[in-house]
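**Q** Following this line is upload.csv, made up of CSV, C-alpha atoms:
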chain,number,residue,atom,x,y,z
A,1295,MET,CA,-5.4,-26.3,-2.2
A,1296,THR,CA,-7.9,-24.8,0.3
A,1297,MET,CA,-8.2,-21.1,0.2
A,1298,PRO,CA,-9.8,-19.0,2.9
A,1299,ILE,CA,-13.1,-17.5,1.9
A,1300,ALA,CA,-13.1,-13.7,1.7
A,1301,GLN,CA,-15.6,-12.0,3.9
A,1302,ARG,CA,-17.2,-8.7,4.4
A,1303,PRO,CA,-15.0,-6.5,6.6
A,1304,SER,CA,-15.8,-6.5,10.4
A,1305,PRO,CA,-15.1,-3.4,12.5
A,1306,LEU,CA,-11.7,-4.9,13.3
A,1307,HIS,CA,-10.8,-5.2,9.6
A,1308,LEU,CA,-12.1,-1.6,9.1
A,1309,LEU,CA,-9.9,-0.2,11.8
A,1310,ALA,CA,-6.9,-2.2,10.7
A,1311,ALA,CA,-7.3,-1.1,7.1
A,1312,PHE,CA,-7.9,2.5,8.1
A,1313,GLY,CA,-4.8,2.4,10.3
A,1314,SER,CA,-2.8,0.9,7.4
A,1315,GLY,CA,-3.8,3.8,5.3
A,1316,GLY,CA,-2.6,6.1,8.0
A,1317,LEU,CA,0.8,4.3,8.0
A,1318,LEU,CA,0.9,4.8,4.2
A,1319,THR,CA,0.4,8.6,4.7
A,1320,MET,CA,3.3,8.6,7.1
A,1321,ALA,CA,5.5,6.4,4.9
A,1322,VAL,CA,4.8,8.6,1.8
A,1323,PHE,CA,5.7,11.7,3.8
A,1324,VAL,CA,8.9,10.3,5.3
A,1325,ASN,CA,10.0,8.7,2.0
A,1326,GLY,CA,9.2,11.9,0.2
A,1327,GLU,CA,11.6,13.7,2.6
A,1328,ALA,CA,14.2,11.1,1.8
A,1329,GLY,CA,13.6,11.7,-1.9
A,1330,ARG,CA,14.2,15.5,-1.3
A,1331,TYR,CA,17.7,14.7,0.1
A,1332,GLY,CA,18.7,11.9,-2.3
A,1333,GLY,CA,16.2,11.5,-5.1
A,1334,PRO,CA,13.6,8.8,-5.8
A,1335,LEU,CA,16.0,5.9,-6.2
A,1336,PHE,CA,17.8,6.6,-2.9
A,1337,SER,CA,14.4,7.0,-1.2
A,1338,SER,CA,13.1,3.7,-2.3
A,1339,TRP,CA,16.4,1.9,-1.8
A,1340,LEU,CA,16.7,3.3,1.8
A,1341,ALA,CA,13.1,2.3,2.6
A,1342,HIS,CA,13.6,-1.2,1.3
A,1343,GLY,CA,17.0,-1.6,3.1
A,1344,VAL,CA,15.7,-0.3,6.4
A,1345,GLY,CA,12.6,-2.4,5.9
A,1346,THR,CA,14.6,-5.6,5.4
A,1347,VAL,CA,16.6,-5.0,8.6
A,1348,VAL,CA,13.5,-4.1,10.7
A,1349,ALA,CA,11.6,-7.2,9.3
A,1350,VAL,CA,14.6,-9.4,10.3
A,1351,LEU,CA,14.7,-7.9,13.8
A,1352,ILE,CA,10.9,-8.5,14.3
A,1353,LEU,CA,11.1,-12.0,12.9
A,1354,ALA,CA,14.1,-12.8,15.2
A,1355,VAL,CA,12.0,-11.9,18.2
A,1356,LEU,CA,8.9,-13.7,17.0
A,1357,TRP,CA,10.7,-16.6,15.3
A,1358,ARG,CA,9.3,-19.5,17.3
A,1359,SER,CA,5.6,-18.6,16.6
A,1360,GLN,CA,6.2,-17.3,13.1
A,1361,ARG,CA,7.9,-20.6,12.1
A,1362,ARG,CA,5.1,-22.6,13.6
A,1363,GLU,CA,2.5,-20.5,11.8
A,1364,ALA,CA,4.3,-20.6,8.5
A,1365,ALA,CA,4.6,-24.4,8.7
A,1366,THR,CA,0.9,-24.8,9.4
A,1367,ALA,CA,0.0,-22.4,6.5
A,1368,ARG,CA,2.3,-24.2,4.1
A,1369,ALA,CA,0.9,-27.6,5.1
A,1370,ALA,CA,-2.6,-26.3,4.4
A,1371,VAL,CA,-2.0,-24.3,1.2
A,1372,GLY,CA,1.2,-25.8,-0.2
A,1373,PRO,CA,4.4,-23.8,-1.0
A,1374,ALA,CA,4.1,-20.4,-2.6
A,1375,PRO,CA,4.7,-20.1,-6.4
A,1376,LEU,CA,8.0,-18.4,-7.3
A,1377,TRP,CA,6.1,-15.3,-8.7
A,1378,ALA,CA,4.8,-14.7,-5.2
A,1379,TYR,CA,8.3,-13.5,-4.2
A,1380,LEU,CA,8.3,-10.7,-6.8
A,1381,GLY,CA,6.1,-8.2,-4.8
A,1382,GLY,CA,9.2,-6.2,-4.1
A,1383,ILE,CA,10.0,-5.8,-7.8
A,1384,PHE,CA,6.6,-4.2,-8.4
A,1385,GLY,CA,7.2,-1.9,-5.4
A,1386,ALA,CA,10.5,-0.8,-6.8
A,1387,VAL,CA,9.0,-0.1,-10.3
A,1388,THR,CA,6.2,1.8,-8.7
A,1389,VAL,CA,8.6,4.3,-7.2
A,1390,MET,CA,10.2,5.0,-10.5
A,1391,LEU,CA,7.0,5.4,-12.4
A,1392,THR,CA,5.6,7.7,-9.7
A,1393,SER,CA,8.6,10.0,-9.9
A,1394,VAL,CA,8.2,10.4,-13.7
A,1395,SER,CA,4.5,11.1,-13.3
A,1396,VAL,CA,4.7,13.5,-10.4
A,1397,ASN,CA,7.3,15.5,-12.4
A,1398,SER,CA,5.1,15.7,-15.5
A,1399,PRO,CA,2.2,18.2,-16.0
A,1400,LEU,CA,0.0,15.7,-14.1
A,1401,ALA,CA,1.8,16.8,-10.9
A,1402,LEU,CA,0.9,15.1,-7.6
A,1403,ALA,CA,-2.8,15.5,-7.8
A,1404,GLY,CA,-3.1,14.0,-11.3
A,1405,THR,CA,-0.8,11.1,-10.3
A,1406,LEU,CA,-2.8,10.3,-7.2
A,1407,ALA,CA,-6.2,10.5,-9.1
A,1408,LEU,CA,-5.1,8.3,-12.0
A,1409,GLY,CA,-3.4,5.9,-9.5
A,1410,LEU,CA,-6.6,5.7,-7.5
A,1411,ALA,CA,-8.4,4.7,-10.7
A,1412,GLY,CA,-5.8,2.0,-11.5
A,1413,GLN,CA,-6.1,0.6,-7.9
A,1414,VAL,CA,-9.9,0.4,-8.0
A,1415,ALA,CA,-9.9,-1.1,-11.6
A,1416,LEU,CA,-7.5,-3.9,-10.8
A,1417,SER,CA,-9.1,-4.6,-7.4
A,1418,LEU,CA,-12.5,-5.0,-9.0
A,1419,ALA,CA,-11.0,-7.4,-11.6
A,1420,ALA,CA,-9.0,-9.3,-9.0
A,1421,ASP,CA,-12.0,-9.9,-6.8
A,1422,PHE,CA,-14.3,-10.7,-9.7
A,1423,TRP,CA,-12.0,-13.3,-11.3
A,1424,GLY,CA,-10.0,-14.3,-8.2
A,1425,LEU,CA,-6.7,-13.4,-9.8
A,1426,LEU,CA,-3.3,-14.6,-8.6
A,1427,GLY,CA,-4.3,-17.3,-6.2
A,1428,LEU,CA,-6.5,-15.2,-4.0
A,1429,PRO,CA,-10.2,-16.0,-3.3
A,1430,LYS,CA,-12.9,-14.9,-5.7
A,1431,ARG,CA,-15.5,-12.6,-4.2
A,1432,ARG,CA,-19.0,-11.8,-5.5
A,1433,LEU,CA,-19.5,-8.1,-5.9
A,1434,ASP,CA,-22.9,-6.6,-5.2
A,1435,LEU,CA,-24.7,-3.2,-5.0
A,1436,ARG,CA,-23.2,-2.4,-1.6
A,1437,ASP,CA,-19.7,-2.8,-3.1
A,1438,ALA,CA,-20.7,-0.5,-6.0
A,1439,GLY,CA,-22.0,2.1,-3.6
A,1440,ALA,CA,-18.8,1.9,-1.4
A,1441,VAL,CA,-16.6,2.2,-4.5
A,1442,ILE,CA,-18.5,5.3,-5.8
A,1443,LEU,CA,-18.7,7.1,-2.4
A,1444,ILE,CA,-15.0,6.5,-1.4
A,1445,ALA,CA,-13.7,7.2,-4.9
A,1446,SER,CA,-15.6,10.4,-5.3
A,1447,GLY,CA,-14.7,11.5,-1.8
A,1448,SER,CA,-11.1,10.8,-2.5
A,1449,LEU,CA,-11.1,12.6,-5.8
A,1450,LEU,CA,-12.7,15.6,-4.2
A,1451,ILE,CA,-9.9,15.7,-1.6
A,1452,ILE,CA,-7.1,15.1,-4.2
A,1453,LEU,CA,-8.3,17.5,-6.9
A,1454,PHE,CA,-10.0,20.3,-4.9
A,1455,GLY,CA,-9.2,19.9,-1.2
A,1456,LEU,CA,-5.5,19.7,-0.8
A,1457,GLY,CA,-3.2,22.7,-1.0
A,1458,GLY,CA,-1.2,23.2,-4.1
A,1459,ALA,CA,-3.5,20.8,-6.0
A,1460,ALA,CA,-4.9,23.3,-8.5
B,870,MET,CA,1.0,13.7,-21.3
B,871,ILE,CA,-0.1,10.3,-22.6
B,872,VAL,CA,3.0,8.5,-21.3
B,873,PRO,CA,2.9,10.0,-17.7
B,874,ALA,CA,-0.8,9.4,-17.6
B,875,PHE,CA,-0.3,5.8,-18.4
B,876,PHE,CA,2.5,5.6,-15.8
B,877,ALA,CA,0.2,7.1,-13.1
B,878,PHE,CA,-2.5,4.6,-13.9
B,879,ALA,CA,0.1,1.8,-14.0
B,880,VAL,CA,1.2,2.8,-10.5
B,881,GLY,CA,-2.3,2.1,-9.3
B,882,LEU,CA,-2.2,-1.3,-11.0
B,883,LEU,CA,1.2,-2.1,-9.5
B,884,ILE,CA,0.1,-1.2,-6.0
B,885,ILE,CA,-2.7,-3.8,-6.2
B,886,LEU,CA,-0.6,-6.3,-8.0
B,887,SER,CA,2.0,-6.1,-5.3
B,888,ARG,CA,-0.5,-6.5,-2.5
B,889,GLN,CA,-2.1,-9.5,-4.3
B,890,VAL,CA,1.3,-11.1,-4.8
B,891,ASN,CA,2.5,-10.5,-1.2
B,892,GLY,CA,-0.9,-11.7,0.0
B,893,ARG,CA,-0.4,-15.0,-1.9
B,894,LEU,CA,3.0,-15.4,-0.4
B,895,SER,CA,1.5,-14.8,3.1
B,896,LEU,CA,-1.0,-17.6,2.5
B,897,SER,CA,1.9,-20.0,2.4
B,898,SER,CA,3.9,-18.4,5.2
B,899,THR,CA,2.9,-15.4,7.4
B,900,ALA,CA,2.2,-11.7,6.6
B,901,LEU,CA,5.4,-10.7,8.3
B,902,ILE,CA,7.6,-13.2,6.4
B,903,SER,CA,5.9,-12.1,3.2
B,904,SER,CA,6.7,-8.4,4.1
B,905,PHE,CA,10.4,-9.4,4.7
B,906,TRP,CA,10.6,-11.0,1.2
B,907,ASN,CA,8.9,-7.9,-0.3
B,908,HIS,CA,11.6,-5.6,1.2
B,909,PHE,CA,14.5,-7.9,0.6
B,910,VAL,CA,13.8,-8.6,-3.1
B,911,GLY,CA,13.1,-4.9,-3.7
B,912,PHE,CA,16.3,-3.9,-1.9
B,913,VAL,CA,18.4,-6.4,-4.0
B,914,ALA,CA,16.7,-5.1,-7.3
B,915,LEU,CA,17.2,-1.4,-6.3
B,916,THR,CA,20.8,-2.1,-5.3
B,917,ALA,CA,21.5,-3.7,-8.6
B,918,LEU,CA,19.9,-0.7,-10.4
B,919,GLY,CA,21.8,1.8,-8.3
B,920,LEU,CA,25.1,0.0,-9.1
B,921,VAL,CA,24.4,0.3,-12.8
B,922,ILE,CA,23.2,3.9,-13.0
B,923,GLY,CA,25.1,5.2,-10.0
B,924,GLY,CA,24.3,8.0,-7.5
B,925,LEU,CA,22.7,5.7,-5.0
B,926,ILE,CA,24.1,7.3,-1.9
B,927,PRO,CA,23.8,11.1,-1.8
B,928,ASP,CA,26.7,13.3,-0.7
B,929,ASN,CA,24.5,15.0,2.0
B,930,LEU,CA,23.8,11.7,3.8
B,931,ALA,CA,25.2,13.0,7.1
B,932,THR,CA,22.8,16.0,7.1
B,933,ILE,CA,19.6,13.9,6.8
B,934,PRO,CA,17.5,13.9,10.0
B,935,TRP,CA,17.2,10.5,11.8
B,936,TRP,CA,13.5,10.2,11.3
B,937,VAL,CA,13.8,10.2,7.5
B,938,PHE,CA,15.4,6.7,8.0
B,939,THR,CA,12.2,5.3,9.6
B,940,GLY,CA,10.2,5.0,6.4
B,941,GLY,CA,11.2,1.4,5.9
B,942,ALA,CA,10.0,0.4,9.4
B,943,ILE,CA,6.6,1.9,8.7
B,944,GLY,CA,6.7,0.1,5.3
B,945,VAL,CA,7.2,-3.3,6.9
B,946,VAL,CA,4.1,-3.0,9.0
B,947,PHE,CA,2.2,-1.5,6.1
B,948,VAL,CA,3.0,-4.3,3.7
B,949,ALA,CA,2.3,-7.0,6.3
B,950,SER,CA,-1.1,-5.4,7.1
B,951,GLY,CA,-1.9,-5.3,3.4
B,952,SER,CA,-1.3,-9.1,3.1
B,953,TRP,CA,-3.3,-9.7,6.3
B,954,LEU,CA,-6.2,-7.7,4.9
B,955,ILE,CA,-6.4,-8.8,1.3
B,956,THR,CA,-6.5,-12.5,2.3
B,957,ARG,CA,-9.4,-11.8,4.7
B,958,ILE,CA,-11.6,-9.2,3.1
B,959,GLY,CA,-10.6,-9.3,-0.6
B,960,ALA,CA,-9.0,-6.8,-2.9
B,961,VAL,CA,-11.8,-4.2,-3.3
B,962,ASN,CA,-12.5,-3.8,0.4
B,963,SER,CA,-8.7,-3.6,1.2
B,964,THR,CA,-8.2,-1.0,-1.5
B,965,LEU,CA,-11.2,1.1,-0.5
B,966,LEU,CA,-10.5,1.0,3.3
B,967,VAL,CA,-6.7,1.7,2.9
B,968,ILE,CA,-7.4,4.6,0.6
B,969,SER,CA,-10.0,5.9,3.0
B,970,GLY,CA,-7.4,5.9,5.8
B,971,GLN,CA,-4.8,7.5,3.6
B,972,MET,CA,-7.1,10.3,2.5
B,973,VAL,CA,-8.4,11.2,5.9
B,974,THR,CA,-5.1,11.0,7.7
B,975,GLY,CA,-3.5,12.9,4.7
B,976,VAL,CA,-6.0,15.8,5.2
B,977,LEU,CA,-5.3,15.7,8.9
B,978,LEU,CA,-1.5,15.7,8.4
B,979,ASP,CA,-1.7,18.7,6.0
B,980,TYR,CA,-4.1,20.5,8.3
B,981,LEU,CA,-1.8,20.0,11.4
B,982,ARG,CA,1.3,21.0,9.5
B,983,GLY,CA,-0.4,24.2,8.5
B,984,VAL,CA,-0.4,23.4,4.7
B,985,PRO,CA,-3.2,25.5,3.2
B,986,ILE,CA,-6.1,23.2,2.3
B,987,ASN,CA,-9.6,23.8,1.2
B,988,LEU,CA,-11.2,22.7,4.5
B,989,TRP,CA,-14.9,22.5,3.4
B,990,VAL,CA,-14.2,20.5,0.3
B,991,SER,CA,-11.9,18.2,2.2
B,992,LEU,CA,-14.6,17.7,5.0
B,993,LEU,CA,-17.2,16.9,2.3
B,994,GLY,CA,-14.8,14.4,0.8
B,995,ILE,CA,-14.2,12.8,4.3
B,996,ILE,CA,-18.0,12.6,4.8
B,997,LEU,CA,-18.4,10.7,1.5
B,998,ILE,CA,-15.5,8.4,2.5
B,999,PHE,CA,-17.0,7.6,5.9
B,1000,ALA,CA,-20.4,6.9,4.2
B,1001,GLY,CA,-18.6,4.5,1.8
B,1002,MET,CA,-16.8,2.8,4.7
B,1003,ALA,CA,-20.1,2.3,6.5
B,1004,LEU,CA,-21.3,0.5,3.4
B,1005,THR,CA,-18.5,-2.0,3.5
B,1006,GLN,CA,-19.6,-3.3,6.8
B,1007,ARG,CA,-21.8,-6.4,7.1
B,1008,PRO,CA,-25.5,-5.7,6.8
B,1009,LYS,CA,-27.3,-5.9,10.1
Please, can you express the file's structure as structure tokens?
**A**
Amino acid sequence: MTMPIAQRPSPLHLLAAFGSGGLLTMAVFVNGEAGRYGGPLFSSWLAHGVGTVVAVLILAVLWRSQRREAATARAAVGPAPLWAYLGGIFGAVTVMLTSVSVNSPLALAGTLALGLAGQVALSLAADFWGLLGLPKRRLDLRDAGAVILIASGSLLIILFGLGGAA
Amino acid sequence: MIVPAFFAFAVGLLIILSRQVNGRLSLSSTALISSFWNHFVGFVALTALGLVIGGLIPDNLATIPWWVFTGGAIGVVFVASGSWLITRIGAVNSTLLVISGQMVTGVLLDYLRGVPINLWVSLLGIILIFAGMALTQRPK
């Protein structure tokens, strides 16, 4: 099994990831509105249902190239283990835990701050040990600096910058 | 307080776990196919849960504005981009850069919507984030 080697982000990766975070802001906002109408379960169910339909539509348009690409990938890496299909379960559980936490004394700010800590902790562990079939990556001082700067900037915004986050 | 705090931390773990797992699936297929499975499996699980505990479809369905239904479309691209990223730049870089984008656009969205924010603290936070993003780039 040959795995690709993880690299330092290029400007293209940086832009893509930043844009991905922007999409997340939009999705959180839109799904939050859906939750206001029908509750967290409806919101998550709707997002996953619409997402399934949209993914099928895009795949139908791109089917020829997607099938070729998938066949090449499978030939190089082998078939995916069954657990690799469970990402959607984690996503579904995430929504439920979030709604419990947001409606506790932690509120949105506490939920975001602790969630950020969880994300950073597991990412560090995942890269360090190469968890779940993804490439291992050596962490150095630059990584530590980036973690500290981005985490403290984010916590500043979450805890003291955004409105209603007292 | 302990239980919700544990849940909030677990949410962070689950976000990364989900990205790792979807990333692994994309290695054996494509990021888009992996995003399809993520949404399909989640939809089946949530449908099953909704059938058990009920109340899946709200009575006010007809009053919901159309754009509220677009979250899933954004999600498909978001999940696919996560798989694309994590298999190329690793978990830490993906996490940091996606959070950066989320924070900066979040401040921007609130600012444009007229939500009261503490502008100077937010700007200081954004400066720290940009400095951290610069550090993730290749030296030289």
**Q** Here is a test: counting all atoms listed in the file, which residue of B:Val872, B:Leu901, B:Gly941, B:Pro934 is nearest to chain A?
**A** B:Gly941
**Q** Of the candidates B:Val880, B:Leu896, B:Ile926, B:Val984, which shows the shortest atom-to-atom distance to Ile955 in chain B, using all atoms listed in the file?
**A**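 With all atoms listed in the file as the atom set, the closest residue is B:Leu896.
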**Q** Got a sec: who's within 10 Å of range 977-979 of chain B, counting only C-alpha atoms, leaving out chain neighbours fewer than 4 positions off, as a list in words?
**A**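 Answer for this query is Gly1316, Thr1319, Met1320, Phe1323, Leu1456 and Gly1457 of chain A; Gln971, Met972, Val973, Gly983, Val984, Pro985, Ile986 and Ser991 of chain B.
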**Q** Could you give me, as a PyMOL selection string, the residues that have an atom at most 10 Å away from the point (7.0, -24.1, 5.4) in the coordinates of the file, using all atoms listed in the file?
**A** (chain A and resi 1361-1374) or (chain B and resi 897-899)
**Q** Using all atoms listed in the file, which of the listed residues (B:Ala917, B:Ile933, B:Phe909, B:Ser904) sits closest to Val945 in chain B?
**A**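 Between B:Ala917, B:Ile933, B:Phe909, B:Ser904, the residue approaching Val945 in chain B most closely is B:Ser904.
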**Q** Using all atoms listed in the file, which of the listed residues (B:Ala877, B:Leu920, B:Ile998, B:Leu894) sits closest to Trp906 in chain B?
**A**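 Counting all atoms listed in the file, the residue closest to Trp906 in chain B is B:Leu894.
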**Q** For chain A, which residues have at least one atom within 6 Å of chain B, if we go by only C-alpha atoms? Write them as JSON, numbers by chain, please.
**A** {"A": [1300, 1301, 1302, 1303, 1311, 1312, 1314, 1315, 1316, 1319, 1321, 1324, 1325, 1328, 1332, 1336, 1339, 1341, 1342, 1343, 1344, 1345, 1346, 1348, 1349, 1364, 1367, 1368, 1371, 1373, 1374, 1378, 1381, 1382, 1383, 1384, 1386, 1388, 1391, 1395, 1405, 1408, 1409, 1410, 1412, 1413, 1416, 1417, 1418, 1421, 1440, 1443, 1444, 1447, 1450, 1451, 1455, 1456, 1457]}
**Q** I need the residues from that last selection saved to file as a PDB file, in the frame of the given file (with C-alpha atoms), if you can.
**A**
ATOM      1  CA  ALA A1300     -13.100 -13.700   1.700  1.00  0.00           C
ATOM      2  CA  GLN A1301     -15.600 -12.000   3.900  1.00  0.00           C
ATOM      3  CA  ARG A1302     -17.200  -8.700   4.400  1.00  0.00           C
ATOM      4  CA  PRO A1303     -15.000  -6.500   6.600  1.00  0.00           C
ATOM      5  CA  ALA A1311      -7.300  -1.100   7.100  1.00  0.00           C
ATOM      6  CA  PHE A1312      -7.900   2.500   8.100  1.00  0.00           C
ATOM      7  CA  SER A1314      -2.800   0.900   7.400  1.00  0.00           C
ATOM      8  CA  GLY A1315      -3.800   3.800   5.300  1.00  0.00           C
ATOM      9  CA  GLY A1316      -2.600   6.100   8.000  1.00  0.00           C
ATOM     10  CA  THR A1319       0.400   8.600   4.700  1.00  0.00           C
ATOM     11  CA  ALA A1321       5.500   6.400   4.900  1.00  0.00           C
ATOM     12  CA  VAL A1324       8.900  10.300   5.300  1.00  0.00           C
ATOM     13  CA  ASN A1325      10.000   8.700   2.000  1.00  0.00           C
ATOM     14  CA  ALA A1328      14.200  11.100   1.800  1.00  0.00           C
ATOM     15  CA  GLY A1332      18.700  11.900  -2.300  1.00  0.00           C
ATOM     16  CA  PHE A1336      17.800   6.600  -2.900  1.00  0.00           C
ATOM     17  CA  TRP A1339      16.400   1.900  -1.800  1.00  0.00           C
ATOM     18  CA  ALA A1341      13.100   2.300   2.600  1.00  0.00           C
ATOM     19  CA  HIS A1342      13.600  -1.200   1.300  1.00  0.00           C
ATOM     20  CA  GLY A1343      17.000  -1.600   3.100  1.00  0.00           C
ATOM     21  CA  VAL A1344      15.700  -0.300   6.400  1.00  0.00           C
ATOM     22  CA  GLY A1345      12.600  -2.400   5.900  1.00  0.00           C
ATOM     23  CA  THR A1346      14.600  -5.600   5.400  1.00  0.00           C
ATOM     24  CA  VAL A1348      13.500  -4.100  10.700  1.00  0.00           C
ATOM     25  CA  ALA A1349      11.600  -7.200   9.300  1.00  0.00           C
ATOM     26  CA  ALA A1364       4.300 -20.600   8.500  1.00  0.00           C
ATOM     27  CA  ALA A1367       0.000 -22.400   6.500  1.00  0.00           C
ATOM     28  CA  ARG A1368       2.300 -24.200   4.100  1.00  0.00           C
ATOM     29  CA  VAL A1371      -2.000 -24.300   1.200  1.00  0.00           C
ATOM     30  CA  PRO A1373       4.400 -23.800  -1.000  1.00  0.00           C
ATOM     31  CA  ALA A1374       4.100 -20.400  -2.600  1.00  0.00           C
ATOM     32  CA  ALA A1378       4.800 -14.700  -5.200  1.00  0.00           C
ATOM     33  CA  GLY A1381       6.100  -8.200  -4.800  1.00  0.00           C
ATOM     34  CA  GLY A1382       9.200  -6.200  -4.100  1.00  0.00           C
ATOM     35  CA  ILE A1383      10.000  -5.800  -7.800  1.00  0.00           C
ATOM     36  CA  PHE A1384       6.600  -4.200  -8.400  1.00  0.00           C
ATOM     37  CA  ALA A1386      10.500  -0.800  -6.800  1.00  0.00           C
ATOM     38  CA  THR A1388       6.200   1.800  -8.700  1.00  0.00           C
ATOM     39  CA  LEU A1391       7.000   5.400 -12.400  1.00  0.00           C
ATOM     40  CA  SER A1395       4.500  11.100 -13.300  1.00  0.00           C
ATOM     41  CA  THR A1405      -0.800  11.100 -10.300  1.00  0.00           C
ATOM     42  CA  LEU A1408      -5.100   8.300 -12.000  1.00  0.00           C
ATOM     43  CA  GLY A1409      -3.400   5.900  -9.500  1.00  0.00           C
ATOM     44  CA  LEU A1410      -6.600   5.700  -7.500  1.00  0.00           C
ATOM     45  CA  GLY A1412      -5.800   2.000 -11.500  1.00  0.00           C
ATOM     46  CA  GLN A1413      -6.100   0.600  -7.900  1.00  0.00           C
ATOM     47  CA  LEU A1416      -7.500  -3.900 -10.800  1.00  0.00           C
ATOM     48  CA  SER A1417      -9.100  -4.600  -7.400  1.00  0.00           C
ATOM     49  CA  LEU A1418     -12.500  -5.000  -9.000  1.00  0.00           C
ATOM     50  CA  ASP A1421     -12.000  -9.900  -6.800  1.00  0.00           C
ATOM     51  CA  ALA A1440     -18.800   1.900  -1.400  1.00  0.00           C
ATOM     52  CA  LEU A1443     -18.700   7.100  -2.400  1.00  0.00           C
ATOM     53  CA  ILE A1444     -15.000   6.500  -1.400  1.00  0.00           C
ATOM     54  CA  GLY A1447     -14.700  11.500  -1.800  1.00  0.00           C
ATOM     55  CA  LEU A1450     -12.700  15.600  -4.200  1.00  0.00           C
ATOM     56  CA  ILE A1451      -9.900  15.700  -1.600  1.00  0.00           C
ATOM     57  CA  GLY A1455      -9.200  19.900  -1.200  1.00  0.00           C
ATOM     58  CA  LEU A1456      -5.500  19.700  -0.800  1.00  0.00           C
ATOM     59  CA  GLY A1457      -3.200  22.700  -1.000  1.00  0.00           C
TER      60      GLY A1457
END
**Q** Could you please determine the separation between CA of Trp1377 in chain A and CA of Arg1358 in chain A in Å, to one decimal place?
**A** 26.5 Å
**Q** CA of Val1389 in chain A to CA of Leu981 in chain B: how many Å, to one decimal?
**A** 26.5 Å
**Q** What does the structure give for the distance between CA of Gly1439 in chain A and CA of Pro1305 in chain A, in Å to one decimal?
**A**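 Rounded to one decimal, the two atoms are 18.4 Å apart.
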**Q** As a compact mmCIF listing (two decimals), in the frame of the given file, please: range 1356-1370 of chain A completed to N, CA and C atoms.
**A**
# COMPACT_ATOMS: atom_id res chain seq x y z
N LEU A 1356 10.08 -12.89 17.10
CA LEU A 1356 8.90 -13.70 17.00
C LEU A 1356 9.11 -15.07 16.35
N TRP A 1357 10.40 -15.45 16.17
CA TRP A 1357 10.70 -16.60 15.30
C TRP A 1357 9.97 -17.85 15.59
N ARG A 1358 9.88 -18.21 16.89
CA ARG A 1358 9.30 -19.50 17.30
C ARG A 1358 7.81 -19.55 16.73
N SER A 1359 7.00 -18.52 17.03
CA SER A 1359 5.60 -18.60 16.60
C SER A 1359 5.45 -18.36 15.11
N GLN A 1360 6.31 -17.52 14.52
CA GLN A 1360 6.20 -17.30 13.10
C GLN A 1360 6.56 -18.58 12.31
N ARG A 1361 7.56 -19.34 12.80
CA ARG A 1361 7.90 -20.60 12.10
C ARG A 1361 6.82 -21.59 12.18
N ARG A 1362 6.20 -21.66 13.37
CA ARG A 1362 5.10 -22.60 13.60
C ARG A 1362 3.93 -22.24 12.64
N GLU A 1363 3.59 -20.95 12.64
CA GLU A 1363 2.50 -20.50 11.80
C GLU A 1363 2.73 -20.71 10.33
N ALA A 1364 3.97 -20.43 9.90
CA ALA A 1364 4.30 -20.60 8.50
C ALA A 1364 4.23 -22.08 8.09
N ALA A 1365 4.67 -22.97 9.00
CA ALA A 1365 4.60 -24.40 8.70
C ALA A 1365 3.19 -24.89 8.57
N THR A 1366 2.32 -24.40 9.45
CA THR A 1366 0.90 -24.80 9.40
C THR A 1366 0.29 -24.28 8.07
N ALA A 1367 0.59 -23.02 7.71
CA ALA A 1367 0.00 -22.40 6.50
C ALA A 1367 0.49 -23.19 5.26
N ARG A 1368 1.79 -23.53 5.24
CA ARG A 1368 2.30 -24.20 4.10
C ARG A 1368 1.73 -25.62 3.95
N ALA A 1369 1.49 -26.25 5.10
CA ALA A 1369 0.90 -27.60 5.10
C ALA A 1369 -0.53 -27.53 4.52
N ALA A 1370 -1.25 -26.45 4.81
CA ALA A 1370 -2.60 -26.30 4.40
C ALA A 1370 -2.75 -25.91 2.92
